[in-house]
Structures are given as structure tokens and as C-alpha cells.
Amino acid sequence: MSPRPRLESGELLVISVTPVPSGLAVPLSVFVLLEAVVLWFAPRWSLLHRVEAVALLVVGVLPALVIATRTWRWRSYKITLTNRRVVIDGGVLARHSTQVNLADVFATHADQTFSERLRRRGVVRLETSAGTVTLPAVRHPAALRRLVDRTRRDHSSSATANWEDWLADPRDDPSGPEGYE
């Protein structure tokens with residue numbers, strides 16, 4: 001599993017999710033089907049019956065290897081949303097990390113095909129001035145998009161000055177800059 005990203009001082013973790021598994025259904029089906037065929041034909045064919053254990057191993061190795069590598073790759077990704085940034089960590093042998101500051105995001109999109117809507121999956125796209133960042137497919141992408149928007153809105157509203165801050169006289173502030181007098 002992907003390690004947790006380090007949080008900066010004053011940064012709060014909002015949510016951390018793992019993308020949905022992809023590409024596991026077909027190799028799993030092939031694995032089960034091939035194993036069932038070997039088990040069904042072994043009592044009916046004497047040559048196969050003598051080497052049944054070896055046949056089960058040989059027939060099952062490739063699909064099992066594909067399932068293991070895809071599971072490993074899937075479990076190595078992590079999407080983390082904090083109150084300041086979105087971090088995408090991933091990679092099996094070579095690690096990579098992408099960070100997007102929420103202040104740089106000006107639009108979010110949740111994209112789903114018809115089959116993804118049926119399975120409640122999809123991708124979230126973050127629009128920044130530098131380009132589009134696509135998050136890996138997640139469950140309930142619209143909910144993640146709304147969470148990113150809410151976090152972005154709450155962060156930007158607390159970071160901007162209010163009217164009292166704009167109209168306040170700096171000489172009235174006892175914690176003002178040293179040597180101001």
C-alpha cells in the first residue's frame with residue numbers, strides 16, 4: 001500500500017482514497033475457467049489425470065501472475081486531499097508523486113461513461129492554469145469532486161482578508177512590525 005504523504009505544518013488531512021481496481025475481472029475469470037476445465041477433464045482423460053497437479057499449476061500461473069501484478073499496482077496508488085493540496089502517489093517499482101495546490105485549481109470535472117455510472121466509478125479532472133490533472137478512477141467521483149470544491153472554497157475564503165482586515169489601521173495592532181513608530 002502507498003505510504004501516507006507528509007503533511008506540512010498547519011495542513012489537515014481531508015480524505016485519502018485508493019483508486020478502484022481495474023483489469024482484474026478478465027484474468028480472474030480466465031483463471032477460474034482454466035482451473036475448472038482441468039479439474040473437469042482430469043478424471044476423464046488418464047494422461048491429464050496423472051499430471052493433474054502440474055497442469056493446474058501451469059494453467060494457473062500466468063493468470064495468477066497477472067492478477068497479482070495488477071493488484072499490486074492498484075494497491076500502490078493513493079489519492080490524498082488535504083486542506084491545501086491534492087497529492088497523487090503511486091508506482092510499483094519506480095515511485096512518482098503529483099501535487100496540485102488547491103489555490104491553483106479553478107475548475108473540477110467528474111467524468112463517467114454509461115458503464116462507469118452503473119458501477120459508480122469515474123475519473124475526476126482538476127483544471128489548473130498549467131493544464132489538466134486527471135485523477136485515477138475512483139468510486140463516487142462526483143462526491144470526490146464536491147469534496148475538492150468544498151475544501152477549495154473553504155480554504156480560499158479563510159485565506160482572503162475580510163473587510164475589517166482591509167480597513168484596520170496597522171498602528172492599532174500591538175503585534176505589528178517592530179520599529180514602526
# chains A, B, ... in the order shown; residues from 1 in each chain; ligands from 1

call {"tool": "residues_around", "arguments": {"residues": "Val14 (chain A)", "least_positions_apart": "2", "cutoff": "9 Å", "atoms": "only C-alpha atoms", "output": "number ranges by chain"}}
result
A: 12, 16, 80-83, 147, 151

call {"tool": "write_last_selection", "arguments": {"atoms": "N, CA and C atoms", "output": "short mmCIF file (atom, residue, chain, number, x, y, z; two decimals), in the first residue's frame"}}
result
data_model
loop_
_atom_site.label_atom_id
_atom_site.label_comp_id
_atom_site.auth_asym_id
_atom_site.auth_seq_id
_atom_site.Cartn_x
_atom_site.Cartn_y
_atom_site.Cartn_z
N LEU A 12 -4.16 19.95 7.10
CA LEU A 12 -5.05 18.93 7.65
C LEU A 12 -5.44 17.94 6.58
N SER A 16 -8.30 10.37 2.18
CA SER A 16 -7.30 9.62 1.45
C SER A 16 -7.99 8.39 0.87
N THR A 80 -4.69 11.66 -2.02
CA THR A 80 -4.85 12.30 -0.73
C THR A 80 -5.27 13.74 -0.94
N LEU A 81 -6.33 14.13 -0.27
CA LEU A 81 -6.81 15.51 -0.30
C LEU A 81 -6.59 16.12 1.07
N THR A 82 -5.85 17.22 1.11
CA THR A 82 -5.67 17.97 2.34
C THR A 82 -6.36 19.32 2.17
N ASN A 83 -6.27 20.15 3.18
CA ASN A 83 -6.90 21.45 3.06
C ASN A 83 -6.12 22.40 2.16
N LEU A 147 -16.19 17.34 -2.77
CA LEU A 147 -15.31 17.49 -1.62
C LEU A 147 -14.12 18.38 -1.95
N THR A 151 -13.55 21.94 -0.15
CA THR A 151 -12.27 22.21 0.52
C THR A 151 -11.58 23.42 -0.09
#

call {"tool": "residues_around", "arguments": {"residues": "region 53-70 of chain A", "least_positions_apart": "6", "cutoff": "9 Å", "atoms": "only C-alpha atoms", "output": "ChimeraX atom specification"}}
result
/A:21-25,27-32,34-35,38-39

call {"tool": "select_by_dssp", "arguments": {"residues": "chain A", "states": "helix (DSSP H, G or I)", "output": "CSV table (one decimal) with C-alpha atoms, in the first residue's frame"}}
result
chain,number,residue,atom,x,y,z
A,25,ALA,CA,-12.1,-9.3,-13.7
A,26,VAL,CA,-10.8,-10.9,-17.0
A,27,PRO,CA,-7.7,-12.6,-15.6
A,28,LEU,CA,-9.7,-13.8,-12.6
A,29,SER,CA,-12.4,-15.3,-14.9
A,30,VAL,CA,-9.7,-16.9,-17.1
A,31,PHE,CA,-8.0,-18.3,-14.0
A,32,VAL,CA,-11.2,-19.8,-12.7
A,33,LEU,CA,-12.3,-21.1,-16.1
A,34,LEU,CA,-9.0,-22.8,-16.9
A,35,GLU,CA,-8.7,-24.4,-13.4
A,36,ALA,CA,-12.3,-25.7,-13.8
A,37,VAL,CA,-11.6,-27.2,-17.2
A,38,VAL,CA,-8.5,-29.0,-15.9
A,39,LEU,CA,-10.5,-30.3,-12.9
A,40,TRP,CA,-13.4,-31.4,-15.1
A,41,PHE,CA,-11.2,-33.2,-17.8
A,46,SER,CA,-5.9,-40.6,-18.0
A,47,LEU,CA,-2.9,-38.6,-19.2
A,48,LEU,CA,-4.2,-35.4,-17.7
A,49,HIS,CA,-5.2,-37.3,-14.5
A,50,ARG,CA,-1.6,-38.4,-14.0
A,52,GLU,CA,-3.2,-33.0,-12.8
A,53,ALA,CA,-1.3,-31.1,-10.2
A,54,VAL,CA,1.3,-29.9,-12.7
A,55,ALA,CA,-1.5,-29.0,-15.2
A,56,LEU,CA,-3.3,-27.0,-12.5
A,57,LEU,CA,0.0,-25.1,-11.7
A,58,VAL,CA,0.9,-24.5,-15.3
A,59,VAL,CA,-2.5,-23.4,-16.4
A,60,GLY,CA,-3.0,-21.1,-13.4
A,61,VAL,CA,0.4,-19.5,-13.2
A,62,LEU,CA,0.0,-16.8,-15.9
A,63,PRO,CA,-3.5,-15.6,-14.9
A,64,ALA,CA,-2.4,-15.6,-11.2
A,65,LEU,CA,0.7,-13.6,-12.1
A,66,VAL,CA,-1.4,-11.1,-14.0
A,67,ILE,CA,-3.8,-10.8,-11.1
A,68,ALA,CA,-1.0,-10.3,-8.6
A,69,THR,CA,0.8,-7.6,-10.6
A,70,ARG,CA,-2.4,-5.7,-11.3
A,71,THR,CA,-3.5,-5.9,-7.6
A,72,TRP,CA,0.0,-4.7,-6.5
A,73,ARG,CA,-0.1,-1.8,-9.0
A,74,TRP,CA,-3.7,-0.9,-7.9
A,75,ARG,CA,-2.9,-1.0,-4.2
A,102,LEU,CA,-5.9,23.8,-4.3
A,103,ALA,CA,-5.3,27.5,-4.8
A,104,ASP,CA,-4.2,26.7,-8.4
A,114,PHE,CA,-22.5,4.8,-19.0
A,115,SER,CA,-21.0,1.6,-17.7
A,116,GLU,CA,-19.0,3.6,-15.1
A,117,ARG,CA,-22.1,5.3,-13.9
A,118,LEU,CA,-23.7,1.8,-13.4
A,119,ARG,CA,-20.7,0.8,-11.4
A,141,PRO,CA,-16.3,10.6,-8.5
A,142,ALA,CA,-19.0,13.3,-8.1
A,143,ALA,CA,-18.7,13.1,-4.3
A,144,LEU,CA,-14.9,13.5,-4.5
A,145,ARG,CA,-15.3,16.4,-6.9
A,146,ARG,CA,-17.7,18.1,-4.5
A,147,LEU,CA,-15.3,17.5,-1.6
A,148,VAL,CA,-12.4,19.1,-3.6
A,149,ASP,CA,-14.6,22.1,-4.4
A,150,ARG,CA,-15.8,22.5,-0.8
A,151,THR,CA,-12.3,22.2,0.5
A,152,ARG,CA,-11.0,24.6,-2.1
A,153,ARG,CA,-13.8,27.1,-1.3
A,154,ASP,CA,-13.3,26.9,2.5
A,155,HIS,CA,-9.5,27.3,2.1
A,156,SER,CA,-9.8,30.3,-0.2
A,157,SER,CA,-12.4,32.0,1.9
A,158,SER,CA,-10.2,31.7,5.0
A,159,ALA,CA,-7.1,32.8,3.2
A,163,TRP,CA,-13.3,43.9,5.4
A,164,GLU,CA,-12.0,44.5,9.0
A,165,ASP,CA,-8.5,43.4,7.9
A,166,TRP,CA,-8.6,45.8,4.9
A,167,LEU,CA,-9.9,48.8,6.9
A,170,PRO,CA,-1.8,48.9,11.3
A,171,ARG,CA,-0.9,51.4,14.1
A,172,ASP,CA,-3.7,50.0,16.2

call {"tool": "select_by_dssp", "arguments": {"residues": "region 121-158 of chain A", "states": "strand (DSSP E)", "output": "list of chain:residue names"}}
result
A:Arg121, A:Gly122, A:Val123, A:Val124, A:Arg125, A:Leu126, A:Glu127, A:Thr128, A:Gly131, A:Thr132, A:Val133, A:Thr134, A:Val138, A:Arg139

call {"tool": "atom_distance", "arguments": {"atom1": "CA of Val105 (chain A)", "atom2": "CA of Val92 (chain A)"}}
result
28.0 Å

call {"tool": "closest_atom_pairs", "arguments": {"of": "region 67-111 of chain A", "to": "region 132-135 of chain A", "cutoff": "10 Å", "atoms": "only C-alpha atoms", "output": "JSON lines"}}
result
{"residue": "A:Lys78", "atom": "CA", "partner": "A:Leu135", "partner_atom": "CA", "distance": 10.0}
{"residue": "A:Ile79", "atom": "CA", "partner": "A:Leu135", "partner_atom": "CA", "distance": 7.7}
{"residue": "A:Val86", "atom": "CA", "partner": "A:Leu135", "partner_atom": "CA", "distance": 9.5}
{"residue": "A:Val87", "atom": "CA", "partner": "A:Leu135", "partner_atom": "CA", "distance": 9.6}
{"residue": "A:Ile88", "atom": "CA", "partner": "A:Leu135", "partner_atom": "CA", "distance": 7.4}
{"residue": "A:Thr98", "atom": "CA", "partner": "A:Val133", "partner_atom": "CA", "distance": 9.0}
{"residue": "A:Gln99", "atom": "CA", "partner": "A:Val133", "partner_atom": "CA", "distance": 9.5}
{"residue": "A:Val100", "atom": "CA", "partner": "A:Val133", "partner_atom": "CA", "distance": 8.1}
{"residue": "A:Val105", "atom": "CA", "partner": "A:Thr132", "partner_atom": "CA", "distance": 9.3}
{"residue": "A:Ala107", "atom": "CA", "partner": "A:Thr132", "partner_atom": "CA", "distance": 9.5}
{"residue": "A:Thr108", "atom": "CA", "partner": "A:Thr132", "partner_atom": "CA", "distance": 9.4}
{"residue": "A:His109", "atom": "CA", "partner": "A:Thr134", "partner_atom": "CA", "distance": 9.4}
{"residue": "A:Ala110", "atom": "CA", "partner": "A:Thr134", "partner_atom": "CA", "distance": 9.8}
{"residue": "A:Asp111", "atom": "CA", "partner": "A:Thr134", "partner_atom": "CA", "distance": 10.0}

call {"tool": "atom_distance", "arguments": {"atom1": "CA of Arg84 (chain A)", "atom2": "CA of Glu127 (chain A)"}}
result
15.6 Å

call {"tool": "atom_distance", "arguments": {"atom1": "CA of Gly122 (chain A)", "atom2": "CA of His140 (chain A)"}}
result
7.1 Å
